[in-house]
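Visitor: For reference, this is target.pdb, and it has PDB, C-alpha atoms and all ligand atoms.
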ATOM      1  CA  MET B1425       0.000   0.000   0.000
ATOM      2  CA  ASN B1426       1.288   3.489  -0.800
ATOM      3  CA  PHE B1427       0.179   6.389   1.385
ATOM      4  CA  ASN B1428       2.577   8.714  -0.387
ATOM      5  CA  VAL B1429      -0.288  10.434  -2.208
ATOM      6  CA  LEU B1430      -0.313  13.954  -0.787
ATOM      7  CA  LYS B1431       1.475  16.005  -3.439
ATOM      8  CA  PRO B1432       0.660  19.694  -3.129
ATOM      9  CA  GLU B1433       1.104  21.748  -6.290
ATOM     10  CA  PRO B1434       1.944  25.456  -6.055
ATOM     11  CA  LEU B1435      -1.084  27.730  -6.290
ATOM     12  CA  LEU B1436      -1.697  30.964  -8.142
ATOM     13  CA  ILE B1437      -3.710  33.084  -5.723
ATOM     14  CA  VAL B1438      -5.424  36.376  -6.516
ATOM     15  CA  ILE B1439      -6.543  38.766  -3.779
ATOM     16  CA  SER B1440      -9.214  41.018  -5.214
ATOM     17  CA  GLY B1441     -12.260  43.087  -4.341
ATOM     18  CA  PRO B1442     -13.482  46.660  -4.623
ATOM     19  CA  SER B1443     -11.255  49.679  -4.200
ATOM     20  CA  GLY B1444     -10.423  50.426  -0.567
ATOM     21  CA  ILE B1445     -11.589  47.040   0.706
ATOM     22  CA  GLY B1446      -8.132  46.267   2.092
ATOM     23  CA  LYS B1447      -6.267  44.353  -0.636
ATOM     24  CA  ASP B1448      -2.969  46.119   0.117
ATOM     25  CA  ALA B1449      -3.452  45.794   3.865
ATOM     26  CA  VAL B1450      -4.122  42.042   3.552
ATOM     27  CA  VAL B1451      -1.124  41.442   1.267
ATOM     28  CA  LYS B1452       1.189  43.480   3.538
ATOM     29  CA  GLU B1453       0.045  41.451   6.536
ATOM     30  CA  LEU B1454       0.587  38.175   4.666
ATOM     31  CA  GLN B1455       4.112  39.368   3.837
ATOM     32  CA  LYS B1456       4.837  39.760   7.551
ATOM     33  CA  ARG B1457       3.982  36.100   8.181
ATOM     34  CA  ASP B1458       6.749  33.692   7.416
ATOM     35  CA  LEU B1459       5.034  31.701   4.678
ATOM     36  CA  PRO B1460       6.506  30.102   1.549
ATOM     37  CA  LEU B1461       4.761  32.578  -0.729
ATOM     38  CA  HIS B1462       6.029  34.585  -3.673
ATOM     39  CA  PHE B1463       4.496  38.057  -3.816
ATOM     40  CA  VAL B1464       4.282  39.224  -7.392
ATOM     41  CA  ILE B1465       6.318  42.299  -8.255
ATOM     42  CA  THR B1466       4.904  44.497 -11.018
ATOM     43  CA  ALA B1467       7.093  45.634 -13.926
ATOM     44  CA  THR B1468       6.844  49.330 -14.794
ATOM     45  CA  THR B1469       8.378  51.760 -17.276
ATOM     46  CA  ARG B1470       8.059  54.727 -14.923
ATOM     47  CA  PRO B1471      11.331  56.088 -13.542
ATOM     48  CA  LYS B1472      12.488  54.683 -10.219
ATOM     49  CA  ARG B1473      11.996  57.019  -7.231
ATOM     50  CA  SER B1474      14.949  57.400  -4.860
ATOM     51  CA  GLU B1475      13.299  55.445  -2.045
ATOM     52  CA  GLU B1476      12.437  52.516  -4.320
ATOM     53  CA  THR B1477      14.496  49.377  -4.988
ATOM     54  CA  HIS B1478      14.564  47.494  -8.295
ATOM     55  CA  GLY B1479      13.227  43.985  -7.755
ATOM     56  CA  VAL B1480      11.635  44.882  -4.421
ATOM     57  CA  ASP B1481       9.083  47.625  -5.087
ATOM     58  CA  TYR B1482       8.924  47.158  -8.874
ATOM     59  CA  PHE B1483      10.946  45.802 -11.755
ATOM     60  CA  PHE B1484      11.971  48.967 -13.590
ATOM     61  CA  VAL B1485      12.253  48.237 -17.310
ATOM     62  CA  SER B1486      12.624  50.341 -20.453
ATOM     63  CA  THR B1487       9.675  51.020 -22.761
ATOM     64  CA  GLU B1488      11.406  48.865 -25.430
ATOM     65  CA  GLU B1489      11.726  45.942 -23.008
ATOM     66  CA  PHE B1490       8.091  46.316 -21.998
ATOM     67  CA  GLU B1491       6.867  46.495 -25.598
ATOM     68  CA  THR B1492       8.868  43.344 -26.401
ATOM     69  CA  MET B1493       7.085  41.553 -23.540
ATOM     70  CA  ILE B1494       3.721  42.723 -24.945
ATOM     71  CA  ALA B1495       4.642  41.569 -28.474
ATOM     72  CA  GLN B1496       5.744  38.162 -27.176
ATOM     73  CA  ASP B1497       2.612  37.740 -25.024
ATOM     74  CA  GLU B1498       4.852  37.564 -21.946
ATOM     75  CA  LEU B1499       2.598  39.583 -19.627
ATOM     76  CA  ILE B1500      -0.209  38.159 -17.534
ATOM     77  CA  GLU B1501      -1.905  41.508 -17.789
ATOM     78  CA  TYR B1502      -0.824  45.079 -18.331
ATOM     79  CA  ALA B1503      -2.126  48.614 -18.486
ATOM     80  CA  GLU B1504      -0.854  51.838 -20.004
ATOM     81  CA  VAL B1505      -1.570  54.898 -17.895
ATOM     82  CA  TYR B1506      -0.220  58.342 -18.834
ATOM     83  CA  GLN B1507       2.161  56.747 -21.356
ATOM     84  CA  GLN B1508       3.687  54.534 -18.700
ATOM     85  CA  TYR B1509       3.249  50.799 -18.674
ATOM     86  CA  LYS B1510       2.596  48.533 -15.700
ATOM     87  CA  GLY B1511       2.179  44.774 -15.863
ATOM     88  CA  VAL B1512       2.905  41.351 -14.449
ATOM     89  CA  PRO B1513       5.548  39.337 -16.364
ATOM     90  CA  LYS B1514       4.642  35.673 -16.868
ATOM     91  CA  ALA B1515       8.329  34.686 -16.490
ATOM     92  CA  GLN B1516       8.400  35.833 -12.865
ATOM     93  CA  VAL B1517       5.277  33.866 -11.997
ATOM     94  CA  ARG B1518       6.523  30.778 -13.849
ATOM     95  CA  ALA B1519       9.882  30.898 -12.023
ATOM     96  CA  ALA B1520       8.202  31.225  -8.627
ATOM     97  CA  LEU B1521       5.795  28.360  -9.330
ATOM     98  CA  GLN B1522       8.683  26.191 -10.523
ATOM     99  CA  SER B1523      10.487  26.827  -7.234
ATOM    100  CA  GLY B1524       7.430  25.281  -5.563
ATOM    101  CA  LYS B1525       6.142  28.492  -3.998
ATOM    102  CA  ASP B1526       2.544  29.625  -4.085
ATOM    103  CA  VAL B1527       2.243  32.907  -5.948
ATOM    104  CA  ILE B1528       0.091  35.736  -4.636
ATOM    105  CA  MET B1529      -1.004  38.847  -6.462
ATOM    106  CA  ARG B1530      -3.422  41.637  -5.698
ATOM    107  CA  LEU B1531      -5.544  42.706  -8.618
ATOM    108  CA  ASP B1532      -8.671  44.728  -9.217
ATOM    109  CA  VAL B1533     -11.746  42.757 -10.255
ATOM    110  CA  GLN B1534     -11.091  43.244 -13.993
ATOM    111  CA  GLY B1535      -7.559  41.899 -13.466
ATOM    112  CA  ALA B1536      -8.983  38.896 -11.602
ATOM    113  CA  GLN B1537     -11.254  38.215 -14.575
ATOM    114  CA  LYS B1538      -8.193  38.238 -16.890
ATOM    115  CA  ILE B1539      -6.475  35.678 -14.646
ATOM    116  CA  ARG B1540      -9.584  33.494 -14.645
ATOM    117  CA  ASP B1541      -9.557  33.540 -18.485
ATOM    118  CA  LEU B1542      -5.797  32.882 -18.717
ATOM    119  CA  CYS B1543      -5.533  30.432 -15.838
ATOM    120  CA  PRO B1544      -8.867  28.784 -15.030
ATOM    121  CA  GLN B1545      -7.264  26.888 -12.106
ATOM    122  CA  ALA B1546      -6.134  30.018 -10.215
ATOM    123  CA  VAL B1547      -7.559  30.541  -6.703
ATOM    124  CA  LEU B1548      -9.562  33.761  -6.733
ATOM    125  CA  ILE B1549     -10.400  35.432  -3.415
ATOM    126  CA  PHE B1550     -12.895  38.298  -3.139
ATOM    127  CA  LEU B1551     -12.634  40.542  -0.077
ATOM    128  CA  ILE B1552     -15.830  42.069   1.305
ATOM    129  CA  PRO B1553     -16.634  44.451   4.173
ATOM    130  CA  THR B1554     -19.267  43.728   6.837
ATOM    131  CA  ASP B1555     -21.597  46.171   5.101
ATOM    132  CA  THR B1556     -21.560  49.155   2.744
ATOM    133  CA  GLN B1557     -21.222  51.706   5.543
ATOM    134  CA  GLU B1558     -18.107  50.009   6.911
ATOM    135  CA  TRP B1559     -16.537  50.108   3.452
ATOM    136  CA  ILE B1560     -17.472  53.792   2.971
ATOM    137  CA  ASN B1561     -16.007  54.647   6.388
ATOM    138  CA  ARG B1562     -12.775  52.865   5.388
ATOM    139  CA  LEU B1563     -12.528  54.894   2.198
ATOM    140  CA  LEU B1564     -13.276  58.092   4.158
ATOM    141  CA  ALA B1565     -10.645  57.240   6.787
ATOM    142  CA  ARG B1566      -8.027  56.672   4.077
ATOM    143  CA  ASN B1567      -8.849  60.191   2.947
ATOM    144  CA  THR B1568      -7.440  59.803  -0.564
ATOM    145  CA  GLU B1569     -10.598  60.317  -2.615
ATOM    146  CA  THR B1570     -12.255  63.458  -3.956
ATOM    147  CA  SER B1571     -16.062  63.438  -3.718
ATOM    148  CA  GLU B1572     -16.300  62.781  -7.476
ATOM    149  CA  ASP B1573     -13.943  59.809  -7.178
ATOM    150  CA  PHE B1574     -16.037  58.665  -4.315
ATOM    151  CA  SER B1575     -19.384  58.314  -6.096
ATOM    152  CA  LEU B1576     -17.572  56.690  -9.008
ATOM    153  CA  ARG B1577     -15.987  54.140  -6.655
ATOM    154  CA  ILE B1578     -19.355  53.253  -5.152
ATOM    155  CA  GLU B1579     -20.874  52.745  -8.605
ATOM    156  CA  THR B1580     -17.808  50.692  -9.656
ATOM    157  CA  ALA B1581     -18.026  48.528  -6.529
ATOM    158  CA  ARG B1582     -21.698  47.830  -7.259
ATOM    159  CA  LYS B1583     -20.727  46.554 -10.728
ATOM    160  CA  GLU B1584     -17.734  44.614  -9.355
ATOM    161  CA  LEU B1585     -19.968  42.643  -7.009
ATOM    162  CA  GLU B1586     -21.622  41.194 -10.114
ATOM    163  CA  TYR B1587     -18.312  39.402 -10.825
ATOM    164  CA  LEU B1588     -18.580  37.364  -7.625
ATOM    165  CA  PRO B1589     -19.456  34.112  -9.468
ATOM    166  CA  ILE B1590     -15.983  33.963 -11.093
ATOM    167  CA  PHE B1591     -14.376  33.810  -7.624
ATOM    168  CA  ASP B1592     -13.676  30.709  -5.509
ATOM    169  CA  TYR B1593     -13.785  32.247  -2.040
ATOM    170  CA  ILE B1594     -15.274  35.243  -0.217
ATOM    171  CA  VAL B1595     -13.291  36.569   2.738
ATOM    172  CA  LEU B1596     -14.707  39.074   5.204
ATOM    173  CA  ASN B1597     -12.280  41.888   6.042
ATOM    174  CA  ALA B1598     -14.259  43.347   8.949
ATOM    175  CA  HIS B1599     -13.331  46.584  10.697
ATOM    176  CA  ASN B1600     -10.267  46.107  12.892
ATOM    177  CA  CYS B1601     -10.295  42.369  12.130
ATOM    178  CA  LEU B1602      -7.522  42.332   9.530
ATOM    179  CA  GLN B1603      -5.753  39.447  11.290
ATOM    180  CA  GLN B1604      -8.878  37.302  11.039
ATOM    181  CA  ALA B1605      -9.152  37.991   7.298
ATOM    182  CA  VAL B1606      -5.511  36.999   6.836
ATOM    183  CA  ASP B1607      -6.011  33.896   9.019
ATOM    184  CA  THR B1608      -8.892  32.860   6.753
ATOM    185  CA  ILE B1609      -6.722  33.297   3.660
ATOM    186  CA  GLU B1610      -3.998  31.176   5.268
ATOM    187  CA  GLN B1611      -6.617  28.496   5.980
ATOM    188  CA  ILE B1612      -7.809  28.586   2.361
ATOM    189  CA  ILE B1613      -4.234  28.090   1.143
ATOM    190  CA  HIS B1614      -3.754  25.248   3.622
ATOM    191  CA  THR B1615      -6.984  23.543   2.535
ATOM    192  CA  GLU B1616      -6.208  23.974  -1.165
ATOM    193  CA  HIS B1617      -2.974  22.018  -0.601
ATOM    194  CA  HIS B1618      -5.052  19.033   0.496
ATOM    195  CA  ARG B1619      -7.083  18.569  -2.676
ATOM    196  CA  VAL B1620      -7.166  15.019  -4.041
ATOM    197  CA  VAL B1621      -6.871  16.474  -7.550
ATOM    198  CA  PRO B1622      -4.575  19.492  -7.237
ATOM    199  CA  ARG B1623      -5.137  22.593  -9.338
ATOM    200  CA  LYS B1624      -2.656  22.647 -12.226
ATOM    201  CA  ILE B1625      -1.377  26.050 -13.290
ATOM    202  CA  THR B1626      -0.080  26.432 -16.833
ATOM    203  CA  LEU B1627       1.145  29.796 -18.030
TER     204      LEU B1627
HETATM  205  N1  LIG O   1      -9.780  45.228   8.583
HETATM  206  C1  LIG O   1      -9.528  46.540   8.527
HETATM  207  N2  LIG O   1      -9.922  47.331   9.560
HETATM  208  C2  LIG O   1      -9.680  48.654   9.523
HETATM  209  N3  LIG O   1      -9.069  49.320   8.520
HETATM  210  C3  LIG O   1      -8.665  48.587   7.458
HETATM  211  C4  LIG O   1      -8.866  47.163   7.401
HETATM  212  N4  LIG O   1      -8.373  46.718   6.227
HETATM  213  C5  LIG O   1      -7.863  47.796   5.583
HETATM  214  N5  LIG O   1      -8.039  48.920   6.314
HETATM  215  C6  LIG O   1      -7.683  50.296   5.937
HETATM  216  O1  LIG O   1      -8.571  50.667   4.885
HETATM  217  C7  LIG O   1      -7.920  51.503   3.937
HETATM  218  C8  LIG O   1      -8.019  50.864   2.550
HETATM  219  O2  LIG O   1      -7.228  49.675   2.529
HETATM  220  P1  LIG O   1      -6.245  49.322   1.311
HETATM  221  O3  LIG O   1      -5.525  50.551   0.837
HETATM  222  O4  LIG O   1      -5.479  48.142   1.716
HETATM  223  O5  LIG O   1      -7.357  48.948   0.199
HETATM  224  P2  LIG O   1      -7.167  48.460  -1.312
HETATM  225  O6  LIG O   1      -8.240  47.448  -1.539
HETATM  226  O7  LIG O   1      -5.761  48.034  -1.533
HETATM  227  O8  LIG O   1      -7.503  49.803  -2.101
HETATM  228  P3  LIG O   1      -7.224  50.241  -3.642
HETATM  229  O9  LIG O   1      -7.840  49.178  -4.511
HETATM  230  O10 LIG O   1      -7.958  51.552  -3.767
HETATM  231  O11 LIG O   1      -5.733  50.363  -3.781
HETATM  232  C9  LIG O   1      -6.484  51.654   4.421
HETATM  233  O12 LIG O   1      -6.411  52.875   5.140
HETATM  234  C10 LIG O   1      -6.289  50.448   5.339
HETATM  235  O13 LIG O   1      -5.324  50.680   6.337
END
Go ahead and render the structure in this file as structure tokens.
Ligand SMILES: Nc1ncnc2c1ncn2[C@@H]1O[C@H](COP(=O)(O)OP(=O)(O)OP(=O)(O)O)[C@@H](O)[C@H]1O

Guide:
Amino acid sequence: MNFNVLKPEPLLIVISGPSGIGKDAVVKELQKRDLPLHFVITATTRPKRSEETHGVDYFFVSTEEFETMIAQDELIEYAEVYQQYKGVPKAQVRAALQSGKDVIMRLDVQGAQKIRDLCPQAVLIFLIPTDTQEWINRLLARNTETSEDFSLRIETARKELEYLPIFDYIVLNAHNCLQQAVDTIEQIIHTEHHRVVPRKITL
């Protein structure tokens, strides 16, 4: 008899949800925990700021390098904003998966949809607040929105909720309960490693 049947495969995990729900906060907290996770680093063509480190905050690449990656379909997803590119190179994700690490990235809901299309076996996690008021208070407390931005964000969040069916898990990020949200995500990762038929990621 052979009980040597538990063979976890590395996971591609997406943390998503509406603007201001706490995606950054959750990812930063996960980074503090000593887990075998690779946190995706975005490539950008914008100039490096003095406080930033290449390969830590971003991969700083030239416009030519970035356009080559686009032409060769080597980006998981990308966007061009104010003539500067930002995107996630497939090579980085492939290398991390090959090293056996789970890969985590934070993406907006449209980005999560792109991952679902590209990689149907990715684990997609949607963060939610306890209720709308809690989410609004969080946006207000962050104090980074103008009132026009604000009504747009609410309308966008309403539309983003319609994408819920493409996700695998919903995680509550309740007020002052960030640790609990991160605990739940850790549990999801743990459980996913115990599937009889592991998810297979091909990029
Ligand atoms: N559980 C929580 N309790 C209280 N405050 C929180 C919690 N989670 C996040 N916050 C705070 O809410 C604000 C928004 O969080 P964060 O910036 O992480 O959201 P985000 O989803 O990454 O937003 P965006 O998509 O706009 O970049 C921040 O000020 C953050 O510190």

Visitor: Selection in question (the file shown): the PyMOL selection byres (((not hetatm)) within 7 of (chain O and resi 1)). Which residues does it include, as a compact mmCIF listing (two decimals) with C-alpha atoms, in the frame of the given file?

Guide:
# COMPACT_ATOMS: atom_id res chain seq x y z
CA GLY B 1441 -12.26 43.09 -4.34
CA PRO B 1442 -13.48 46.66 -4.62
CA SER B 1443 -11.26 49.68 -4.20
CA GLY B 1444 -10.42 50.43 -0.57
CA ILE B 1445 -11.59 47.04 0.71
CA GLY B 1446 -8.13 46.27 2.09
CA LYS B 1447 -6.27 44.35 -0.64
CA ASP B 1448 -2.97 46.12 0.12
CA ALA B 1449 -3.45 45.79 3.86
CA VAL B 1450 -4.12 42.04 3.55
CA ASP B 1532 -8.67 44.73 -9.22
CA ARG B 1562 -12.78 52.86 5.39
CA LEU B 1563 -12.53 54.89 2.20
CA ALA B 1565 -10.64 57.24 6.79
CA ARG B 1566 -8.03 56.67 4.08
CA ASN B 1597 -12.28 41.89 6.04
CA ALA B 1598 -14.26 43.35 8.95
CA HIS B 1599 -13.33 46.58 10.70
CA ASN B 1600 -10.27 46.11 12.89
CA CYS B 1601 -10.30 42.37 12.13
CA LEU B 1602 -7.52 42.33 9.53

Visitor: Return the single residue from B:Asp1481, B:Asp1592, B:Glu1586, B:Glu1433 that is closest to Ile1549 (chain B), with distances computed using all atoms listed in the file.

Guide: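 Of the candidates, the smallest distance to Ile1549 (chain B) is held by B:Asp1592.
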
Visitor: At what distance in Å, to one decimal, does CA of Pro1460 (chain B) lie from CA of Val1429 (chain B)?

Guide: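 Distance between the two atoms: 21.1 Å.
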
Visitor: Rank B:Asn1428, B:Gln1557, B:Ser1523, B:Thr1608 by their smallest atom-to-atom distance to Leu1454 (chain B), using all atoms listed in the file, and report the top residue only.

Guide: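 Using all atoms listed in the file, the shortest distance to Leu1454 (chain B) belongs to B:Thr1608.
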
Visitor: Between B:Asp1526, B:Glu1569, B:Glu1453, B:Glu1504, which has the minimum distance to Thr1487 (chain B) (counting all atoms listed in the file)?

Guide: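 Among B:Asp1526, B:Glu1569, B:Glu1453, B:Glu1504, it is B:Glu1504 that comes nearest to Thr1487 (chain B).
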
Visitor: Show me that you can extract region 1436-1498 of chain B, keeping C-alpha atoms, and write it as a PDB file, in the first residue's frame.

Guide:
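Final output, result-v9.pdb:
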ATOM      1  CA  LEU B1436      -1.697  30.964  -8.142  1.00  0.00           C
ATOM      2  CA  ILE B1437      -3.710  33.084  -5.723  1.00  0.00           C
ATOM      3  CA  VAL B1438      -5.424  36.376  -6.516  1.00  0.00           C
ATOM      4  CA  ILE B1439      -6.543  38.766  -3.779  1.00  0.00           C
ATOM      5  CA  SER B1440      -9.214  41.018  -5.214  1.00  0.00           C
ATOM      6  CA  GLY B1441     -12.260  43.087  -4.341  1.00  0.00           C
ATOM      7  CA  PRO B1442     -13.482  46.660  -4.623  1.00  0.00           C
ATOM      8  CA  SER B1443     -11.255  49.679  -4.200  1.00  0.00           C
ATOM      9  CA  GLY B1444     -10.423  50.426  -0.567  1.00  0.00           C
ATOM     10  CA  ILE B1445     -11.589  47.040   0.706  1.00  0.00           C
ATOM     11  CA  GLY B1446      -8.132  46.267   2.092  1.00  0.00           C
ATOM     12  CA  LYS B1447      -6.267  44.353  -0.636  1.00  0.00           C
ATOM     13  CA  ASP B1448      -2.969  46.119   0.117  1.00  0.00           C
ATOM     14  CA  ALA B1449      -3.452  45.794   3.865  1.00  0.00           C
ATOM     15  CA  VAL B1450      -4.122  42.042   3.552  1.00  0.00           C
ATOM     16  CA  VAL B1451      -1.124  41.442   1.267  1.00  0.00           C
ATOM     17  CA  LYS B1452       1.189  43.480   3.538  1.00  0.00           C
ATOM     18  CA  GLU B1453       0.045  41.451   6.536  1.00  0.00           C
ATOM     19  CA  LEU B1454       0.587  38.175   4.666  1.00  0.00           C
ATOM     20  CA  GLN B1455       4.112  39.368   3.837  1.00  0.00           C
ATOM     21  CA  LYS B1456       4.837  39.760   7.551  1.00  0.00           C
ATOM     22  CA  ARG B1457       3.982  36.100   8.181  1.00  0.00           C
ATOM     23  CA  ASP B1458       6.749  33.692   7.416  1.00  0.00           C
ATOM     24  CA  LEU B1459       5.034  31.701   4.678  1.00  0.00           C
ATOM     25  CA  PRO B1460       6.506  30.102   1.549  1.00  0.00           C
ATOM     26  CA  LEU B1461       4.761  32.578  -0.729  1.00  0.00           C
ATOM     27  CA  HIS B1462       6.029  34.585  -3.673  1.00  0.00           C
ATOM     28  CA  PHE B1463       4.496  38.057  -3.816  1.00  0.00           C
ATOM     29  CA  VAL B1464       4.282  39.224  -7.392  1.00  0.00           C
ATOM     30  CA  ILE B1465       6.318  42.299  -8.255  1.00  0.00           C
ATOM     31  CA  THR B1466       4.904  44.497 -11.018  1.00  0.00           C
ATOM     32  CA  ALA B1467       7.093  45.634 -13.926  1.00  0.00           C
ATOM     33  CA  THR B1468       6.844  49.330 -14.794  1.00  0.00           C
ATOM     34  CA  THR B1469       8.378  51.760 -17.276  1.00  0.00           C
ATOM     35  CA  ARG B1470       8.059  54.727 -14.923  1.00  0.00           C
ATOM     36  CA  PRO B1471      11.331  56.088 -13.542  1.00  0.00           C
ATOM     37  CA  LYS B1472      12.488  54.683 -10.219  1.00  0.00           C
ATOM     38  CA  ARG B1473      11.996  57.019  -7.231  1.00  0.00           C
ATOM     39  CA  SER B1474      14.949  57.400  -4.860  1.00  0.00           C
ATOM     40  CA  GLU B1475      13.299  55.445  -2.045  1.00  0.00           C
ATOM     41  CA  GLU B1476      12.437  52.516  -4.320  1.00  0.00           C
ATOM     42  CA  THR B1477      14.496  49.377  -4.988  1.00  0.00           C
ATOM     43  CA  HIS B1478      14.564  47.494  -8.295  1.00  0.00           C
ATOM     44  CA  GLY B1479      13.227  43.985  -7.755  1.00  0.00           C
ATOM     45  CA  VAL B1480      11.635  44.882  -4.421  1.00  0.00           C
ATOM     46  CA  ASP B1481       9.083  47.625  -5.087  1.00  0.00           C
ATOM     47  CA  TYR B1482       8.924  47.158  -8.874  1.00  0.00           C
ATOM     48  CA  PHE B1483      10.946  45.802 -11.755  1.00  0.00           C
ATOM     49  CA  PHE B1484      11.971  48.967 -13.590  1.00  0.00           C
ATOM     50  CA  VAL B1485      12.253  48.237 -17.310  1.00  0.00           C
ATOM     51  CA  SER B1486      12.624  50.341 -20.453  1.00  0.00           C
ATOM     52  CA  THR B1487       9.675  51.020 -22.761  1.00  0.00           C
ATOM     53  CA  GLU B1488      11.406  48.865 -25.430  1.00  0.00           C
ATOM     54  CA  GLU B1489      11.726  45.942 -23.008  1.00  0.00           C
ATOM     55  CA  PHE B1490       8.091  46.316 -21.998  1.00  0.00           C
ATOM     56  CA  GLU B1491       6.867  46.495 -25.598  1.00  0.00           C
ATOM     57  CA  THR B1492       8.868  43.344 -26.401  1.00  0.00           C
ATOM     58  CA  MET B1493       7.085  41.553 -23.540  1.00  0.00           C
ATOM     59  CA  ILE B1494       3.721  42.723 -24.945  1.00  0.00           C
ATOM     60  CA  ALA B1495       4.642  41.569 -28.474  1.00  0.00           C
ATOM     61  CA  GLN B1496       5.744  38.162 -27.176  1.00  0.00           C
ATOM     62  CA  ASP B1497       2.612  37.740 -25.024  1.00  0.00           C
ATOM     63  CA  GLU B1498       4.852  37.564 -21.946  1.00  0.00           C
TER      64      GLU B1498
END
